[in-house]
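Enquirer: Mind looking over this structure? Questions follow.
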Amino acid sequence: MKRKIYLDFAATTPVDPRVKKAMEPYFSKKFGNTMSLHSFGQEAKAALEESREIVADLMGAKPNEVIFTSSATEANNLALKGIAFANKDRGNHIIISSIEHPCIIESANWLKTQGFEITKIKVNKQGVVDLKELENSIKKETILVSVMHANNEIGTIEPIEKISKIIKTQSQKLKTQIYFHTDAAQTFGKIPVNVKKLGVDLMTVSSHKMYGPKGVGALFIKEGTKIIPLLHGGGHEMGFRSSTVNVPGIVGFAKACQISKKEMGNEAKRLKKLKEKLVKGVLSKVKGSHFVGDLKNSLPNIANFWFERVEGESIVIELDLLGIAVSTGSACSSEKLQASHVLLACGLKPWQAHGSLRVSLGRFTKEKDIDYFLKVLPKVIKGLRKISPIK
Amino acid sequence: MPIYSKKIIEHFRHPRNVGKMKKPSGKGEAGNLLCGDLMRIYLKIKKNKEGKEIIEDVKFETLGCLVAIANTSLLTTLVKGKTIEEALKIKKDDLIKRLGKPLPPFKIHCSVLAVDALREAIYDYYKKKGIEIPEELKKDHQRIAKAKEEIEKRYKKFQEIEKEILK
């Protein structure tokens, strides 16, 4: 059988077999509705609340501060829109970074049409937000700042604790309350993430990025935060999110959190070594290759490159035909024919982003997978450059 | 491959007529700097016994996605050995049809670019030979030149967009 190597763990992860096993009873045996009074319902409710405790524990929050959603996208929408509309009597200004996930950027863009003012903070070449600009952007109308914990394309970890301190100092000066949200979809379960240590009021997490099932996310909402729900109805999730609860998914997410808690430390060390090997290998074996991001201050599993005189989608498809799955920020692969906003924000020219490649490792990546990738990649790039008019 | 047809994959992996040509009779280029795709087509044209101009040899070079590469490769196979008249009849839809499976809408321009590069090569040949250039080809040349200019302008504008993004 042809070898298949998945190196796109930042896009999604396979469900860990242990997670799948934990979910199994909740499809047909323990299928109750958490709102029902009978034993079926109470059984489901107990599983839900136990899961909430486990997820809260991994982020250092109280269980009643964790609201389950259908995805990180929904949690991010809830954070931005929920805070914006609940606090609009105090101000209409929201600050985000220029490299946020599209679900933050598009939520912010939509809020702009609803009378809110949006400031996008620039980043440096490594993708780190400009703290000075952020500090200077805060004003008395500011109600929310949202900066992602780590970027999904380049893996750079943002200085969340520092930002939190800046916000606290500025809000004291201006005698106003500014909420701080972080999208931790890429970091939660991979590196230690603690809401108190980070100093955030809201935090988004995702199940399918950490070997849990798709269709489950959560939003940490610090006690006392003024926020309104997006979904109105039966008052599930303490009134923050009505909708019949996805018990099997949430049980799976909790199991994924338990596994990560135990294995995260060793796993991060293992992946860091593999990533170092990968980056060193690519840069030494492929002429005209460049690393994008910050090697020191980044997630242990995401590496981003760009290659001169080749196009990213071509690389991705050729690698796929050879059994390797990776992704690109090339304009050719986007329906809008626009290169990745993250890479452009990091200062790449459009034709540089054109040749971009993201390689992301995970729990099931072995060293021999990296060896195979490093064996195949130089040939693929060489082959494509042969066809190119620019030598 | 779920997205792209076997034919596209086949031409992408085994492109025909790749390379530069020394002293071509005509050379054409089409591309989009912002997107980054660049295609070059080289033609060697000779007259046959009946005095008709035949595309005796053709070469191409493409920097771009697999659809761009497959389109140019396919196009070279269609024009090799054909008369200029026949080559000028080839339209983007002829390529799209032959590539199988409908292309995603945002990939149609790859076929447009390939045909443009070919027409530019023929335009170049006519111009070098001092042959009168057909009206349609002249119009195409002006459109492609204008597009290039637009792209250059857009690139300047892009630097403004860039500043906006970096803000």
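Labels for the structure tokens follow display order: chains A, B, ..., residues from 1 in each chain, ligands from 1.
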Sorted by chain and rising residue number, list the residues of chain A at most 8 Å from chain B (counting only C-alpha atoms), each with its closest atom pair and distance in Å to one decimal, as a tab-separated table.

Expert:
residue	atom	partner	partner_atom	distance
A:Ser98	CA	B:Ile165	CA	6.7
A:Lys120	CA	B:Lys167	CA	6.3
A:Ile121	CA	B:Lys167	CA	6.0
A:Lys122	CA	B:Leu166	CA	4.6
A:Val123	CA	B:Leu166	CA	7.0
A:Arg309	CA	B:Leu63	CA	6.9
A:Val310	CA	B:Leu63	CA	6.2
A:Glu311	CA	B:Gly64	CA	5.2
A:Gly312	CA	B:Cys65	CA	7.2
A:Glu313	CA	B:Cys65	CA	5.5
A:Ser314	CA	B:Cys65	CA	4.8
A:Ile317	CA	B:Leu66	CA	7.7
A:Glu318	CA	B:Arg13	CA	7.7
A:Ala331	CA	B:Cys35	CA	6.1
A:Cys332	CA	B:Cys65	CA	6.4
A:Glu335	CA	B:Phe106	CA	5.8
A:Lys336	CA	B:Phe106	CA	7.5
A:Leu337	CA	B:Cys35	CA	6.8
A:Gln338	CA	B:Cys35	CA	7.3
A:Ala339	CA	B:Cys35	CA	7.8
A:His341	CA	B:Ile165	CA	7.8
A:Leu344	CA	B:Glu162	CA	7.2
A:Ala345	CA	B:Leu166	CA	5.5
A:Pro350	CA	B:Leu34	CA	6.1
A:Trp351	CA	B:Gly36	CA	5.2
A:His354	CA	B:Gly36	CA	6.5
A:Leu384	CA	B:Leu63	CA	8.0
A:Arg385	CA	B:Leu63	CA	7.8
A:Lys386	CA	B:Gly19	CA	7.8
A:Ile387	CA	B:Glu61	CA	5.2
A:Ser388	CA	B:Leu63	CA	4.5
A:Pro389	CA	B:Glu61	CA	4.8
A:Ile390	CA	B:Leu63	CA	7.5

Enquirer: For the residues selected in the previous step, produce a file with C-alpha atoms as a PDB file, in the first residue's frame.

Expert:
ATOM      1  CA  SER A  98      -3.941  41.693  11.865  1.00  0.00           C
ATOM      2  CA  LYS A 120      -6.127  45.984  13.567  1.00  0.00           C
ATOM      3  CA  ILE A 121      -2.701  45.894  15.187  1.00  0.00           C
ATOM      4  CA  LYS A 122       0.272  45.168  12.949  1.00  0.00           C
ATOM      5  CA  VAL A 123       2.791  42.416  13.582  1.00  0.00           C
ATOM      6  CA  ARG A 309      10.173  30.447  -8.049  1.00  0.00           C
ATOM      7  CA  VAL A 310       7.511  27.846  -7.268  1.00  0.00           C
ATOM      8  CA  GLU A 311       3.821  28.008  -6.498  1.00  0.00           C
ATOM      9  CA  GLY A 312       2.403  26.523  -3.303  1.00  0.00           C
ATOM     10  CA  GLU A 313      -0.654  24.727  -4.643  1.00  0.00           C
ATOM     11  CA  SER A 314       1.555  22.895  -7.139  1.00  0.00           C
ATOM     12  CA  ILE A 317      -0.749  18.609  -4.977  1.00  0.00           C
ATOM     13  CA  GLU A 318       2.519  17.020  -6.055  1.00  0.00           C
ATOM     14  CA  ALA A 331      -3.335  32.907  -3.647  1.00  0.00           C
ATOM     15  CA  CYS A 332      -3.897  30.163  -6.230  1.00  0.00           C
ATOM     16  CA  GLU A 335     -11.145  31.312  -4.080  1.00  0.00           C
ATOM     17  CA  LYS A 336     -10.535  35.029  -3.722  1.00  0.00           C
ATOM     18  CA  LEU A 337      -7.136  34.568  -5.367  1.00  0.00           C
ATOM     19  CA  GLN A 338      -5.584  36.396  -2.453  1.00  0.00           C
ATOM     20  CA  ALA A 339      -2.505  35.248  -0.610  1.00  0.00           C
ATOM     21  CA  HIS A 341      -3.316  37.690   5.122  1.00  0.00           C
ATOM     22  CA  LEU A 344       1.369  39.368   3.969  1.00  0.00           C
ATOM     23  CA  ALA A 345       1.094  40.882   7.462  1.00  0.00           C
ATOM     24  CA  PRO A 350       2.494  38.341  -2.742  1.00  0.00           C
ATOM     25  CA  TRP A 351       4.851  36.350  -4.978  1.00  0.00           C
ATOM     26  CA  HIS A 354       2.736  32.399  -3.538  1.00  0.00           C
ATOM     27  CA  LEU A 384       8.556  22.457 -10.517  1.00  0.00           C
ATOM     28  CA  ARG A 385      11.442  24.880 -10.996  1.00  0.00           C
ATOM     29  CA  LYS A 386      12.354  23.071 -14.205  1.00  0.00           C
ATOM     30  CA  ILE A 387       9.014  24.155 -15.680  1.00  0.00           C
ATOM     31  CA  SER A 388       9.323  27.722 -14.361  1.00  0.00           C
ATOM     32  CA  PRO A 389      10.307  30.568 -16.747  1.00  0.00           C
ATOM     33  CA  ILE A 390      12.238  32.254 -13.953  1.00  0.00           C
TER      34      ILE A 390
END

Enquirer: What's around Leu131 of chain A at 12 Å? Count only C-alpha atoms, leave out sequence neighbours fewer than 6 positions away in its own chain, and write the answer as a ChimeraX atom specification.

Expert: /A:96-97,121-124,137-138,147,158-167

Enquirer: Keeping N, CA and C atoms, export the residues of the selection given above as a short mmCIF file (atom, residue, chain, number, x, y, z; two decimals), in the first residue's frame.

Expert:
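Wrote it out as selection_28.cif, contents follow:
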data_model
loop_
_atom_site.label_atom_id
_atom_site.label_comp_id
_atom_site.auth_asym_id
_atom_site.auth_seq_id
_atom_site.Cartn_x
_atom_site.Cartn_y
_atom_site.Cartn_z
N ILE A 96 -8.18 44.18 17.46
CA ILE A 96 -7.75 42.81 17.16
C ILE A 96 -6.36 42.87 16.50
N SER A 97 -5.71 41.74 16.36
CA SER A 97 -4.44 41.74 15.63
C SER A 97 -4.72 41.52 14.15
N ILE A 121 -4.09 45.60 14.78
CA ILE A 121 -2.70 45.89 15.19
C ILE A 121 -1.73 45.13 14.29
N LYS A 122 -0.70 45.82 13.84
CA LYS A 122 0.27 45.17 12.95
C LYS A 122 1.19 44.22 13.73
N VAL A 123 1.86 43.37 12.97
CA VAL A 123 2.79 42.42 13.58
C VAL A 123 4.17 42.63 12.96
N ASN A 124 5.22 42.12 13.63
CA ASN A 124 6.56 42.20 13.02
C ASN A 124 6.78 41.00 12.11
N SER A 137 -3.34 52.32 20.94
CA SER A 137 -4.68 52.24 20.33
C SER A 137 -5.80 52.23 21.36
N ILE A 138 -5.46 51.87 22.58
CA ILE A 138 -6.49 51.79 23.62
C ILE A 138 -7.00 53.20 23.97
N VAL A 147 -6.61 39.03 20.86
CA VAL A 147 -5.34 38.63 20.21
C VAL A 147 -5.19 37.13 20.39
N GLU A 158 1.91 34.60 20.82
CA GLU A 158 1.80 36.03 21.11
C GLU A 158 2.02 36.30 22.61
N PRO A 159 2.53 37.49 22.93
CA PRO A 159 2.80 37.82 24.34
C PRO A 159 1.51 38.18 25.09
N ILE A 160 0.68 37.19 25.34
CA ILE A 160 -0.64 37.41 25.92
C ILE A 160 -0.55 38.03 27.33
N GLU A 161 0.39 37.52 28.15
CA GLU A 161 0.50 38.06 29.51
C GLU A 161 0.87 39.54 29.49
N LYS A 162 1.78 39.89 28.61
CA LYS A 162 2.19 41.30 28.50
C LYS A 162 1.02 42.16 28.04
N ILE A 163 0.27 41.64 27.08
CA ILE A 163 -0.87 42.40 26.57
C ILE A 163 -1.89 42.61 27.69
N SER A 164 -2.10 41.55 28.47
CA SER A 164 -3.04 41.63 29.58
C SER A 164 -2.63 42.75 30.55
N LYS A 165 -1.34 42.83 30.83
CA LYS A 165 -0.85 43.87 31.75
C LYS A 165 -1.07 45.26 31.16
N ILE A 166 -0.78 45.38 29.87
CA ILE A 166 -0.98 46.68 29.20
C ILE A 166 -2.44 47.10 29.30
N ILE A 167 -3.34 46.15 29.04
CA ILE A 167 -4.77 46.46 29.07
C ILE A 167 -5.19 46.88 30.49
#

Enquirer: Using only C-alpha atoms, which protein or nucleic acid residues come within 8 Å of Leu99 of chain B? Drop anything in the same chain fewer than 5 positions from it, and give the result as a compact mmCIF listing (two decimals) with C-alpha atoms, in the first residue's frame.

Expert:
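part_38.txt, freshly written:
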# COMPACT_ATOMS: atom_id res chain seq x y z
CA SER B 5 -9.36 15.61 -13.26
CA LYS B 7 -6.10 14.73 -17.33
CA ILE B 8 -4.99 17.79 -15.34
CA ASN B 71 -3.27 24.22 -19.39

Enquirer: Which value, in Å to one decimal, gives the distance between atom CA of Lys173 of chain A and atom CA of Glu135 of chain A?

Expert: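 Rounded to one decimal, the two atoms are 11.9 Å apart.
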
Enquirer: Rounded to one decimal in Å, what is the spacing between atom CA of Ala353 of chain A and atom CA of His290 of chain A?

Expert: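 Going from atom CA of Ala353 of chain A over to atom CA of His290 of chain A covers 10.8 Å.
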
Enquirer: Tell me which of A:Ile324, A:Val247, A:Ser70, A:Phe305 sits closest to Glu43 of chain A, counting only C-alpha atoms.

Expert: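 Result for the nearest residue to Glu43 of chain A: A:Val247.
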
Enquirer: Would you list, as a PyMOL selection string, the residues of segment 57-252 of chain A that end up in strand (DSSP E or B) under DSSP run on this structure's backbone?

Expert: chain A and resi 66-69+93-97+117-121+123+129+142-146+150+156-157+179-183+188+191+202-206+217-221

Enquirer: Determine the nearest neighbour of Ala22 of chain A from the options A:Ser330, A:Ser71, A:Asn92, A:Gln258, counting only C-alpha atoms.

Expert: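 The answer is A:Gln258, which sits nearest to Ala22 of chain A.
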
Enquirer: Residues at most 9 Å from Gly215 of chain A, counting only C-alpha atoms, excluding those fewer than 2 positions away in the same chain, as a ChimeraX atom specification?

Expert: /A:69-72,206-208,213,217,246,249

Enquirer: Any chance you could export the current selection's C-alpha atoms as a PDB file, in the first residue's frame?

Expert:
ATOM      1  CA  THR A  69     -20.139  25.578  21.670  1.00  0.00           C
ATOM      2  CA  SER A  70     -20.240  23.837  18.297  1.00  0.00           C
ATOM      3  CA  SER A  71     -16.789  25.080  17.275  1.00  0.00           C
ATOM      4  CA  ALA A  72     -14.007  27.558  17.917  1.00  0.00           C
ATOM      5  CA  SER A 206     -11.294  23.723  20.110  1.00  0.00           C
ATOM      6  CA  SER A 207     -11.666  19.956  20.375  1.00  0.00           C
ATOM      7  CA  HIS A 208     -10.694  18.791  16.882  1.00  0.00           C
ATOM      8  CA  PRO A 213     -14.052  15.127  17.710  1.00  0.00           C
ATOM      9  CA  GLY A 217     -15.475  24.043  21.042  1.00  0.00           C
ATOM     10  CA  ASN A 246     -23.781  17.553  22.000  1.00  0.00           C
ATOM     11  CA  GLY A 249     -18.779  15.332  21.392  1.00  0.00           C
TER      12      GLY A 249
END

Enquirer: Enumerate as a VMD selection string all residues of segment 133-382 of chain A assigned to alpha helix (DSSP H) by DSSP on the backbone, naming them with the chain letters and numbers the document uses.

Expert: chain A and resid 133 to 137 160 to 174 195 to 198 247 to 285 312 to 321 341 to 345 350 to 353 367 to 382

Enquirer: Taking only C-alpha atoms into account, which of A:Ala11, A:Leu295, A:Ile5, A:Ile95 comes nearest Ser327 of chain A?

Expert: A:Ala11

Enquirer: For each of B:Lys153, B:His141, B:Lys97, B:Lys91, take the minimum atom-to-atom distance to Glu120 of chain B, counting only C-alpha atoms, then give the residue where this is smallest.

Expert: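 Of B:Lys153, B:His141, B:Lys97, B:Lys91, the one nearest Glu120 of chain B is B:His141, counting only C-alpha atoms.
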
Enquirer: Taking only C-alpha atoms into account, name the residue in B:Leu88, B:Leu78, B:Met21, B:Val115 that is nearest to Leu137 of chain B.

Expert: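 Answer, going by the shortest atom-to-atom distance: B:Leu88.
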
Enquirer: Rank A:Pro25, A:Pro63, A:Gly212, A:Gly41 by their smallest atom-to-atom distance to Met238 of chain A, using only C-alpha atoms, and report the top residue only.

Expert: A:Pro63
